[in-house]
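> Next comes model-v2.txt, compact mmCIF, C-alpha atoms:
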# COMPACT_ATOMS: atom_id res chain seq x y z
CA MET A 1 8.19 4.88 10.46
CA ASN A 2 8.18 3.03 7.14
CA ILE A 3 4.80 3.16 5.42
CA ALA A 4 4.15 0.73 2.56
CA VAL A 5 1.65 1.75 -0.07
CA PHE A 6 0.10 -0.93 -2.28
CA CYS A 7 -1.56 0.47 -5.39
CA SER A 8 -2.01 0.24 -9.14
CA SER A 9 0.70 0.96 -11.68
CA SER A 10 -1.76 1.24 -14.59
CA ASN A 11 -1.50 4.36 -16.70
CA HIS A 12 -5.21 4.26 -17.58
CA ILE A 13 -6.49 5.45 -14.20
CA ASP A 14 -8.68 8.49 -13.70
CA ASN A 15 -6.80 11.52 -12.37
CA ARG A 16 -8.93 11.70 -9.19
CA TYR A 17 -7.15 8.56 -7.98
CA LYS A 18 -3.74 9.91 -8.96
CA LYS A 19 -4.36 13.19 -7.14
CA GLU A 20 -5.14 11.44 -3.86
CA ALA A 21 -2.12 9.13 -4.24
CA PHE A 22 0.11 12.17 -4.82
CA GLN A 23 -1.30 13.82 -1.69
CA LEU A 24 -0.67 10.66 0.31
CA GLY A 25 2.96 10.68 -0.81
CA GLU A 26 3.24 14.31 0.29
CA MET A 27 1.71 13.49 3.68
CA ILE A 28 4.11 10.61 4.24
CA ALA A 29 7.12 12.82 3.48
CA GLU A 30 5.84 15.84 5.44
CA SER A 31 5.37 13.65 8.51
CA GLU A 32 8.99 12.53 8.15
CA ASN A 33 8.04 8.94 7.49
CA THR A 34 9.52 6.81 4.71
CA LEU A 35 7.48 5.63 1.72
CA VAL A 36 7.95 1.98 0.79
CA PHE A 37 6.47 1.12 -2.60
CA GLY A 38 6.80 -1.30 -5.50
CA GLY A 39 9.50 0.71 -7.28
CA ALA A 40 7.72 0.86 -10.63
CA THR A 41 6.57 3.67 -12.86
CA GLY A 42 2.98 4.29 -13.85
CA GLY A 43 -0.38 4.94 -12.30
CA LEU A 44 -0.75 5.44 -8.59
CA MET A 45 2.76 4.10 -7.94
CA ASP A 46 4.20 7.05 -9.83
CA SER A 47 1.80 9.45 -8.14
CA VAL A 48 2.55 8.42 -4.56
CA ALA A 49 6.31 8.42 -5.21
CA GLU A 50 6.13 11.80 -6.96
CA GLY A 51 4.22 13.21 -3.98
CA ALA A 52 6.85 11.99 -1.51
CA HIS A 53 9.65 13.14 -3.82
CA SER A 54 8.10 16.63 -4.15
CA LYS A 55 8.52 17.05 -0.37
CA ASN A 56 12.06 15.58 -0.34
CA GLY A 57 10.85 12.42 1.38
CA ASP A 58 12.75 9.20 1.80
CA ILE A 59 11.53 6.56 -0.63
CA ILE A 60 12.35 2.86 -0.64
CA GLY A 61 11.48 1.08 -3.87
CA VAL A 62 11.35 -2.72 -3.93
CA ILE A 63 11.31 -3.92 -7.52
CA PRO A 64 11.41 -7.38 -9.11
CA GLN A 65 13.65 -8.17 -12.07
CA ALA A 66 10.63 -8.70 -14.36
CA VAL A 67 9.52 -5.09 -13.88
CA ILE A 68 13.06 -3.86 -14.60
CA ARG A 69 13.08 -5.93 -17.80
CA MET A 70 9.83 -4.17 -18.77
CA LYS A 71 11.77 -0.88 -18.38
CA ARG A 72 9.35 0.30 -15.67
CA GLN A 73 11.89 1.10 -12.92
CA SER A 74 11.12 4.35 -11.09
CA PRO A 75 13.95 6.89 -10.87
CA LEU A 76 12.52 8.34 -7.64
CA PRO A 77 13.56 5.98 -4.81
CA THR A 78 16.33 7.16 -2.52
CA GLU A 79 16.99 3.46 -1.93
CA LEU A 80 16.22 0.77 -4.49
CA ILE A 81 16.07 -2.90 -3.56
CA ILE A 82 16.10 -5.30 -6.50
CA VAL A 83 14.60 -8.75 -5.95
CA GLU A 84 14.06 -11.71 -8.25
CA THR A 85 10.30 -12.24 -7.95
CA MET A 86 7.02 -10.59 -6.98
CA SER A 87 6.85 -12.93 -3.97
CA GLU A 88 10.23 -11.67 -2.79
CA ARG A 89 9.03 -8.09 -3.25
CA LYS A 90 6.04 -8.76 -0.99
CA ALA A 91 8.27 -10.36 1.64
CA LYS A 92 10.75 -7.43 1.60
CA MET A 93 8.00 -4.83 1.75
CA LYS A 94 6.41 -6.68 4.67
CA GLU A 95 9.78 -6.87 6.44
CA PHE A 96 10.66 -3.18 5.95
CA SER A 97 7.25 -1.68 6.71
CA ASP A 98 5.56 -0.72 9.96
CA VAL A 99 2.18 0.20 8.44
CA PHE A 100 0.47 -0.79 5.18
CA ILE A 101 -1.88 1.38 3.15
CA VAL A 102 -3.93 -0.03 0.28
CA LEU A 103 -5.07 2.38 -2.42
CA PRO A 104 -7.16 1.32 -5.42
CA GLY A 105 -5.47 -1.32 -7.52
CA SER A 106 -5.80 -4.57 -9.40
CA TYR A 107 -4.51 -8.14 -9.04
CA GLY A 108 -1.10 -7.21 -7.64
CA THR A 109 -2.61 -4.84 -5.08
CA LEU A 110 -5.14 -7.45 -3.96
CA ASP A 111 -2.37 -10.04 -3.75
CA GLU A 112 -0.23 -7.76 -1.57
CA MET A 113 -3.16 -6.80 0.66
CA LEU A 114 -4.35 -10.37 1.15
CA ASP A 115 -0.81 -11.53 1.92
CA ILE A 116 -0.65 -8.97 4.75
CA VAL A 117 -4.08 -10.06 6.02
CA ALA A 118 -3.27 -13.79 5.84
CA SER A 119 0.10 -13.39 7.57
CA GLY A 120 -1.60 -11.28 10.25
CA VAL A 121 -4.25 -13.97 10.77
CA VAL A 122 -1.58 -16.59 11.54
CA GLY A 123 0.22 -14.21 13.89
CA GLU A 124 3.29 -13.31 11.82
CA HIS A 125 2.68 -9.64 12.60
CA LYS A 126 0.27 -7.19 14.22
CA LYS A 127 0.97 -4.30 11.88
CA LEU A 128 -1.73 -1.83 10.91
CA LEU A 129 -3.34 -2.36 7.50
CA ILE A 130 -5.52 0.46 6.18
CA ILE A 131 -7.68 0.12 3.09
CA VAL A 132 -8.54 3.47 1.52
CA ASN A 133 -11.96 2.87 -0.03
CA GLN A 134 -11.78 5.96 -2.26
CA ASN A 135 -14.98 6.52 -4.26
CA GLY A 136 -16.30 3.17 -2.98
CA PHE A 137 -13.59 1.36 -4.95
CA TYR A 138 -13.51 -1.65 -2.61
CA ASN A 139 -17.25 -1.81 -1.78
CA HIS A 140 -17.83 -5.12 -3.61
CA PHE A 141 -14.67 -6.64 -2.17
CA LEU A 142 -15.73 -5.62 1.34
CA GLU A 143 -19.21 -7.10 0.74
CA GLN A 144 -17.52 -10.39 -0.19
CA ILE A 145 -15.52 -10.32 3.04
CA GLU A 146 -18.70 -9.71 5.05
CA PHE A 147 -20.39 -12.61 3.25
CA MET A 148 -17.41 -14.86 4.06
CA ARG A 149 -17.65 -13.75 7.69
CA SER A 150 -21.44 -14.35 7.81
CA GLU A 151 -20.88 -17.86 6.42
CA MET A 152 -18.26 -18.44 9.17
CA PHE A 153 -15.30 -18.74 6.80
CA ILE A 154 -13.68 -15.80 8.59
CA PRO A 155 -13.90 -15.83 12.38
CA VAL A 156 -14.85 -12.48 13.90
CA GLU A 157 -11.68 -12.37 16.03
CA ASN A 158 -9.31 -12.67 13.05
CA TYR A 159 -6.78 -9.97 12.23
CA LYS A 160 -8.48 -7.52 9.93
CA PRO A 161 -7.77 -4.32 8.07
CA ILE A 162 -9.30 -0.98 8.93
CA VAL A 163 -11.30 0.63 6.15
CA VAL A 164 -11.39 4.41 5.66
CA GLN A 165 -12.90 6.54 2.92
CA ASP A 166 -10.00 8.91 2.20
CA ILE A 167 -6.35 9.62 2.93
CA ASN A 168 -7.13 12.18 5.65
CA ALA A 169 -8.86 9.50 7.73
CA CYS A 170 -5.98 7.18 6.87
CA PHE A 171 -3.43 9.61 8.25
CA GLU A 172 -5.48 10.22 11.41
CA LEU A 173 -5.12 6.48 12.14
CA ILE A 174 -1.39 6.58 11.44
CA ASN A 175 -0.95 9.55 13.78
CA LEU A 176 -2.83 7.64 16.48
CA GLN A 177 -0.47 4.72 15.91
CA LEU A 178 2.55 7.03 16.25
CA ASN A 179 1.28 8.47 19.51
CA HIS A 180 0.82 5.06 21.18
Transcribe the structure of this file into structure tokens.


Amino acid sequence: MNIAVFCSSSNHIDNRYKKEAFQLGEMIAESENTLVFGGATGGLMDSVAEGAHSKNGDIIGVIPQAVIRMKRQSPLPTELIIVETMSERKAKMKEFSDVFIVLPGSYGTLDEMLDIVASGVVGEHKKLLIIVNQNGFYNHFLEQIEFMRSEMFIPVENYKPIVVQDINACFELINLQLNH
């Protein structure tokens, strides 16, 4: 199974986030799944790829030209797909992936996550999306979603992500998915 991980590439992140991202990469590789990530260096992107790499995992990096021009191309992918734009990267990652995991991140991570949610709402896919709410990182975002739901902007029956508190709970869900 191909597992996409959306996460931050900032180098200013506390090590507790990096440690969990590294462990997630290890878990993906140890379960003989393939990591699909944004192909860049830095932050949690580096950590998750390093974790998968440390266990000799298969890694697909999907990287836009702009990130290459910034000299932020990761050397770790076993397969590197170069695209022109961030939008193309999202489309390729969505195409190649069976499951999506969202770790803490910023604008790009939110963009990727919401693209998966929106495309799921309109029926483009029924793929599992798991938000890892490590240290309550997404609490305010999740409150906003609940407010939007209470105001009837989001129907209850819409496609929605599953929220977990750590990567162990995340992987329990993935294992359930594999066994069905």

> Using all atoms listed in the file, which residues sit within 12 Å of Glu124 (chain A) once same-chain residues fewer than 6 positions away are excluded, as a list in words?

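Here the qualifying residues turn out to be Ala91, Lys94, Glu95, Asp115, Ile116, Val117, Ala118 and Tyr159 of chain A.
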
> Which distance in Å separates CA of Ile3 (chain A) and CA of Val122 (chain A), to one decimal?

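CA of Val122 (chain A) lies 21.6 Å from CA of Ile3 (chain A).
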
> Looking at A:Val132, A:Ile68, A:Met86, A:Ile28, which one is nearest to Asp111 (chain A), with distances taken over all atoms listed in the file?

A:Met86

> What are the nearest atom pairs, with distances in Å to one decimal, for all residues of region 68-133 of chain A that come at most 10 Å from region 12-21 of chain A, using only C-alpha atoms, set out by chain and rising residue number as a tab-separated table?


residue	atom	partner	partner_atom	distance
A:Leu103	CA	A:Ala21	CA	7.6
A:Pro104	CA	A:Tyr17	CA	7.7
A:Gly105	CA	A:Ile13	CA	9.6

> Record the distance separating CA of Ser119 (chain A) and CA of Gly25 (chain A), expressed in Å with one decimal.

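Result for CA of Ser119 (chain A) versus CA of Gly25 (chain A): 25.6 Å, one decimal.
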
> Do a neighbour search on Leu128 (chain A) at 8 Å with all atoms listed in the file, toss out local chain neighbours closer than 4 positions, and write the hits as a PyMOL selection string.

chain A and resi 98-100+161-162

> Can you tell me, as a PyMOL selection string, what residues are no more than 7 Å from Asn33 (chain A) when counting all atoms listed in the file, ignoring any on the same chain fewer than 2 positions away?

chain A and resi 1-3+28-29+31+35

> What is the distance between CA of Val62 (chain A) and CA of Val121 (chain A), in Å to one decimal?

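Answer for the CA of Val62 (chain A) to CA of Val121 (chain A) separation: 24.2 Å.
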
> Fewer than 2 positions away in the same chain doesn't count, so skip those; otherwise give me all residues within 8 Å of region 74-83 of chain A, counting all atoms listed in the file, as an MDAnalysis selection string.

chainID A and resid 39:41 46 49:50 53 58:65 72 85:86 88:89

> Those residues with C-alpha atoms, as a PDB file, keeping the file's coordinate frame please?


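Result file follows (again.pdb):
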ATOM      1  CA  GLY A  39       9.500   0.710  -7.280  1.00  0.00           C
ATOM      2  CA  ALA A  40       7.720   0.860 -10.630  1.00  0.00           C
ATOM      3  CA  THR A  41       6.570   3.670 -12.860  1.00  0.00           C
ATOM      4  CA  ASP A  46       4.200   7.050  -9.830  1.00  0.00           C
ATOM      5  CA  ALA A  49       6.310   8.420  -5.210  1.00  0.00           C
ATOM      6  CA  GLU A  50       6.130  11.800  -6.960  1.00  0.00           C
ATOM      7  CA  HIS A  53       9.650  13.140  -3.820  1.00  0.00           C
ATOM      8  CA  ASP A  58      12.750   9.200   1.800  1.00  0.00           C
ATOM      9  CA  ILE A  59      11.530   6.560  -0.630  1.00  0.00           C
ATOM     10  CA  ILE A  60      12.350   2.860  -0.640  1.00  0.00           C
ATOM     11  CA  GLY A  61      11.480   1.080  -3.870  1.00  0.00           C
ATOM     12  CA  VAL A  62      11.350  -2.720  -3.930  1.00  0.00           C
ATOM     13  CA  ILE A  63      11.310  -3.920  -7.520  1.00  0.00           C
ATOM     14  CA  PRO A  64      11.410  -7.380  -9.110  1.00  0.00           C
ATOM     15  CA  GLN A  65      13.650  -8.170 -12.070  1.00  0.00           C
ATOM     16  CA  ARG A  72       9.350   0.300 -15.670  1.00  0.00           C
ATOM     17  CA  THR A  85      10.300 -12.240  -7.950  1.00  0.00           C
ATOM     18  CA  MET A  86       7.020 -10.590  -6.980  1.00  0.00           C
ATOM     19  CA  GLU A  88      10.230 -11.670  -2.790  1.00  0.00           C
ATOM     20  CA  ARG A  89       9.030  -8.090  -3.250  1.00  0.00           C
TER      21      ARG A  89
END

> What's around Leu44 (chain A) at 7 Å? Count all atoms listed in the file, leave out sequence neighbours fewer than 3 positions away in its own chain, and write the answer as number ranges by chain.

A: 7-9, 18, 21, 47-48

> Between A:Lys71, A:Lys55, A:Lys127, A:Arg149, single out the one closest to Phe96 (chain A), counting all atoms listed in the file.

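When distances to Phe96 (chain A) are compared using all atoms listed in the file, the smallest one comes from A:Lys127.
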
> Can you work out which one of A:Glu84, A:Lys90, A:Leu176, A:Ile131 has the shortest atom-to-atom distance to Arg69 (chain A), counting only C-alpha atoms?

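Answer, going by the shortest atom-to-atom distance: A:Glu84.
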
> At a cut-off of 12 Å around the point (-15.0, -3.8, -0.8) (file coordinates), what residues fall inside when counting all atoms listed in the file? I'd like the answer as a list in words.

Val102, Leu103, Pro104, Gly105, Leu110, Ile131, Val132, Asn133, Gln134, Asn135, Gly136, Phe137, Tyr138, Asn139, His140, Phe141, Leu142, Glu143, Gln144, Ile145, Glu146, Phe147, Pro161, Ile162, Val163, Val164 and Gln165 of chain A
